[in-house]
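Colleague: Dropping a structure here in structure tokens format, bear with me for questions.
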Amino acid sequence: MLHRIALTFFLLTSTLTVATIAASQSIEATDPVENSATATTSPAPDGILIFGATRGTGLELAKLLTARGDSVTAFVRPTSDRSGLEPLGVRFIVGDALSADDVQAAFAAGGYRAVVTTMGCFRCEVPPDYVGNKNVFDAAKTANVGRVMMISSVGAGNSADAPPWISKWILKDVLVLKTQAEEHLQSSGLAYTIIRPGGLKDAEATGNGLLTEDVMAMGIITRKDLAQLMLAALDDEAAANKIYTAKDSEMTWPWSMWN
């Protein structure tokens with residue numbers, strides 16, 4: 001979504017034809033709340049906890065997980081729209097990801113074999129890209145969670161040279177935060193998987209999604225295809241302590257964004 005914003009801005013202000021990469025995450029702003037995290041039901045042991053599950057990629061992953069019988073817990077804000085999740089029968093924990101206490105309480109509410117975060121926000125006063133994700137990683141470390149998956153963005157970490165210059169300029173602050181979050185996760189001692197999509201498209205799955213360790217890779221992928229790749233990586237022990245770029249092998253940036 002953020003890369004689409006970057007591309008629109010560029011096309012409106014320049015006659016140059018330059019492709020932009022977009023920030024990857026399913027965006028859920030995390031406004032401060034007064035109450036501490038509370039579980040509406042007790043999560044089953046060995047379930048999966050998702051931060052950023054109410055829409056976008058996080059919601060698509062929740063659909064896949066529940067469809068095959070996994071126990072899913074969603075960490076949500078009091079004001080979050082849960083309409084997409086409620087039919088899935090997921091469990092909810094209410095809190096603010098910017099509060100370390102709320103996040104710690106979410107992990108204390110039950111046992112999880114894995115935690116997934118797709119959190120990020122382009123316009124938030126206090127973006128969760130670093131602080132919120134750091135809180136998740138620290139709590140996961142305390143809870144001894146088996147796998148942590150972070151959805152980051154092309155342009156973060158050692159993929160800094162992959163996006164076009166206009167994306168790097170517009171998203172410079174976000175990419176710094178995501179890089180900090182990636183580095184914190186890598187140094188945590190947790191078994192991690194970091195996935196960096198570029199442009200994210202709301203469309204039906206093509207089945208052509210792939211993960212590559214090529215740090216210069218960039219492209220487009222649908223949220224549904226990304227969720228399928230995430231599910232496969234969660235099940236794959238070989239994906240532990242790996243950083244991937246996600247893309248569709250048949251889509252061309254930026255033209256496929258509107259096809």
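Chain lettering (A, B, ...) mirrors the order of the structure tokens, residue numbering begins at 1 for each chain separately, and ligand numbering begins at 1 in order of display.
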Within 8 Å of segment 220-235 of chain A, counting only C-alpha atoms, which residues qualify if same-chain residues fewer than 3 places away don't, as a ChimeraX atom specification?
Modeller: /A:56-58,60-61,64-65,114,147,149,193,197-211,239,246-248,251-254,256-257
Colleague: Only C-alpha atoms, please: the residues just picked out, written as a PDB file, in the first residue's frame.
Modeller:
```pdb
ATOM      1  CA  GLY A  56      -4.900  -7.184   4.619  1.00  0.00           C
ATOM      2  CA  THR A  57      -2.248  -9.872   4.702  1.00  0.00           C
ATOM      3  CA  GLY A  58      -2.792 -10.682   8.373  1.00  0.00           C
ATOM      4  CA  GLU A  60      -5.651 -13.583   4.727  1.00  0.00           C
ATOM      5  CA  LEU A  61      -3.229 -15.609   6.860  1.00  0.00           C
ATOM      6  CA  LEU A  64      -5.767 -19.986   5.845  1.00  0.00           C
ATOM      7  CA  LEU A  65      -4.803 -21.028   9.351  1.00  0.00           C
ATOM      8  CA  ALA A 114       4.400 -19.087  16.602  1.00  0.00           C
ATOM      9  CA  ARG A 147       8.976 -19.099  15.732  1.00  0.00           C
ATOM     10  CA  MET A 149       7.563 -14.141  11.618  1.00  0.00           C
ATOM     11  CA  THR A 193      11.549 -15.587   9.511  1.00  0.00           C
ATOM     12  CA  PRO A 197       7.235  -7.915  -0.058  1.00  0.00           C
ATOM     13  CA  GLY A 198       7.382  -4.966  -2.438  1.00  0.00           C
ATOM     14  CA  GLY A 199       4.119  -3.854  -4.052  1.00  0.00           C
ATOM     15  CA  LEU A 200       1.081  -5.546  -2.509  1.00  0.00           C
ATOM     16  CA  LYS A 201      -2.010  -6.113  -4.625  1.00  0.00           C
ATOM     17  CA  ASP A 202      -5.564  -6.810  -3.452  1.00  0.00           C
ATOM     18  CA  ALA A 203      -6.557  -9.508  -5.924  1.00  0.00           C
ATOM     19  CA  GLU A 204      -7.155 -13.220  -6.180  1.00  0.00           C
ATOM     20  CA  ALA A 205      -4.172 -15.492  -5.715  1.00  0.00           C
ATOM     21  CA  THR A 206      -2.258 -16.337  -8.868  1.00  0.00           C
ATOM     22  CA  GLY A 207      -0.305 -19.255  -7.460  1.00  0.00           C
ATOM     23  CA  ASN A 208       2.899 -17.706  -8.790  1.00  0.00           C
ATOM     24  CA  GLY A 209       4.217 -16.300  -5.521  1.00  0.00           C
ATOM     25  CA  LEU A 210       7.765 -17.148  -4.526  1.00  0.00           C
ATOM     26  CA  LEU A 211      10.299 -16.451  -1.806  1.00  0.00           C
ATOM     27  CA  ALA A 239      12.803 -21.187   6.861  1.00  0.00           C
ATOM     28  CA  ALA A 246       8.304 -12.158  -1.708  1.00  0.00           C
ATOM     29  CA  LYS A 247       7.206 -11.556  -5.299  1.00  0.00           C
ATOM     30  CA  ASP A 248       5.065 -12.951  -8.087  1.00  0.00           C
ATOM     31  CA  MET A 251       3.948  -9.856 -12.473  1.00  0.00           C
ATOM     32  CA  THR A 252       5.862  -6.840 -13.763  1.00  0.00           C
ATOM     33  CA  TRP A 253       6.379  -3.762 -11.596  1.00  0.00           C
ATOM     34  CA  PRO A 254       4.641  -1.348 -11.717  1.00  0.00           C
ATOM     35  CA  SER A 256       0.710  -5.286 -12.937  1.00  0.00           C
ATOM     36  CA  MET A 257      -0.527  -3.224  -9.992  1.00  0.00           C
TER      37      MET A 257
END
```
Colleague: Do a neighbour search on Ala143 of chain A at 9 Å with only C-alpha atoms, toss out local chain neighbours closer than 5 positions, and write the hits as a PyMOL selection string.
Modeller: chain A and resi 104+107-108+111-112+138
Colleague: I need the residues from that last selection saved to file as a PDB file, in the first residue's frame (with C-alpha atoms), if you can.
Modeller:
```pdb
ATOM      1  CA  GLN A 104       3.431  -9.137  27.550  1.00  0.00           C
ATOM      2  CA  PHE A 107       1.677 -13.752  25.577  1.00  0.00           C
ATOM      3  CA  ALA A 108       0.917 -14.602  29.204  1.00  0.00           C
ATOM      4  CA  GLY A 111       0.854 -20.684  24.839  1.00  0.00           C
ATOM      5  CA  TYR A 112       1.749 -20.085  21.190  1.00  0.00           C
ATOM      6  CA  ASP A 138      10.753  -9.052  23.544  1.00  0.00           C
TER       7      ASP A 138
END
```
Colleague: Point out the residue among A:Ala217, A:Leu98, A:Ile166, A:Ile243 with the least atom-to-atom distance to Glu182 of chain A, counting only C-alpha atoms.
Modeller: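 Among the listed residues, the smallest separation from Glu182 of chain A belongs to A:Ile243.
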Colleague: With only C-alpha atoms as the basis for distance, which of A:Ala100, A:Gly69, A:Gly157, A:Thr54 is at the shortest distance from Leu185 of chain A?
Modeller: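 Once distances to Leu185 of chain A are computed over only C-alpha atoms, the minimum belongs to A:Gly157.
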Colleague: Among segment 50-131 of chain A, which ones does DSSP assign to strand (DSSP E) (computed from the backbone)? Answer as a compact mmCIF listing (two decimals) with N, CA and C atoms, in the first residue's frame.
Modeller:
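The file below, states.txt, is the result:
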```txt
# COMPACT_ATOMS: atom_id res chain seq x y z
N ILE A 50 -1.39 -13.48 16.11
CA ILE A 50 -1.16 -12.57 14.99
C ILE A 50 -1.38 -11.13 15.43
N PHE A 51 -0.42 -10.29 15.14
CA PHE A 51 -0.54 -8.85 15.31
C PHE A 51 -0.76 -8.24 13.92
N VAL A 72 -6.11 -19.76 16.30
CA VAL A 72 -5.57 -18.44 16.02
C VAL A 72 -6.07 -17.44 17.05
N THR A 73 -5.14 -16.64 17.56
CA THR A 73 -5.47 -15.53 18.46
C THR A 73 -5.04 -14.23 17.78
N ALA A 74 -5.94 -13.26 17.77
CA ALA A 74 -5.65 -11.97 17.15
C ALA A 74 -5.54 -10.90 18.22
N PHE A 75 -4.44 -10.17 18.19
CA PHE A 75 -4.24 -9.03 19.08
C PHE A 75 -4.83 -7.81 18.37
N VAL A 76 -5.84 -7.19 18.99
CA VAL A 76 -6.57 -6.10 18.33
C VAL A 76 -6.71 -4.92 19.28
N ARG A 91 -9.74 -16.22 18.49
CA ARG A 91 -9.77 -15.63 19.81
C ARG A 91 -9.19 -14.23 19.75
N PHE A 92 -9.69 -13.33 20.60
CA PHE A 92 -9.22 -11.96 20.58
C PHE A 92 -8.54 -11.59 21.89
N ILE A 93 -7.47 -10.83 21.77
CA ILE A 93 -6.85 -10.17 22.91
C ILE A 93 -6.81 -8.69 22.58
N VAL A 94 -7.34 -7.88 23.48
CA VAL A 94 -7.47 -6.44 23.23
C VAL A 94 -6.34 -5.69 23.92
N TYR A 112 1.77 -20.20 22.65
CA TYR A 112 1.75 -20.08 21.19
C TYR A 112 2.99 -20.74 20.61
N ARG A 113 2.80 -21.49 19.56
CA ARG A 113 3.96 -22.09 18.89
C ARG A 113 4.61 -21.11 17.94
N ALA A 114 3.85 -20.08 17.52
CA ALA A 114 4.40 -19.09 16.60
C ALA A 114 3.65 -17.78 16.77
N VAL A 115 4.34 -16.68 16.45
CA VAL A 115 3.72 -15.37 16.44
C VAL A 115 4.07 -14.70 15.12
N VAL A 116 3.09 -14.01 14.56
CA VAL A 116 3.26 -13.31 13.28
C VAL A 116 2.90 -11.85 13.47
N THR A 117 3.74 -10.96 12.97
CA THR A 117 3.41 -9.54 12.99
C THR A 117 3.49 -8.95 11.60
```
Colleague: Identify, with DSSP run on backbone atoms, the residues in segment 93-257 of chain A assigned to alpha helix (DSSP H), and express the list as a PyMOL selection string.
Modeller: chain A and resi 100-108+131-143+165-170+172-186+223-235
Colleague: Would you please work out which residue, of A:Glu237, A:Asp214, A:Gln180, A:Asp161, is nearest to Tyr192 of chain A when using only C-alpha atoms?
Modeller: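 Result for the nearest residue to Tyr192 of chain A: A:Glu237.
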Colleague: Using only C-alpha atoms, which of A:Arg196, A:Arg123, A:Lys242, A:Lys134 sits nearest Asp173 of chain A?
Modeller: A:Arg123
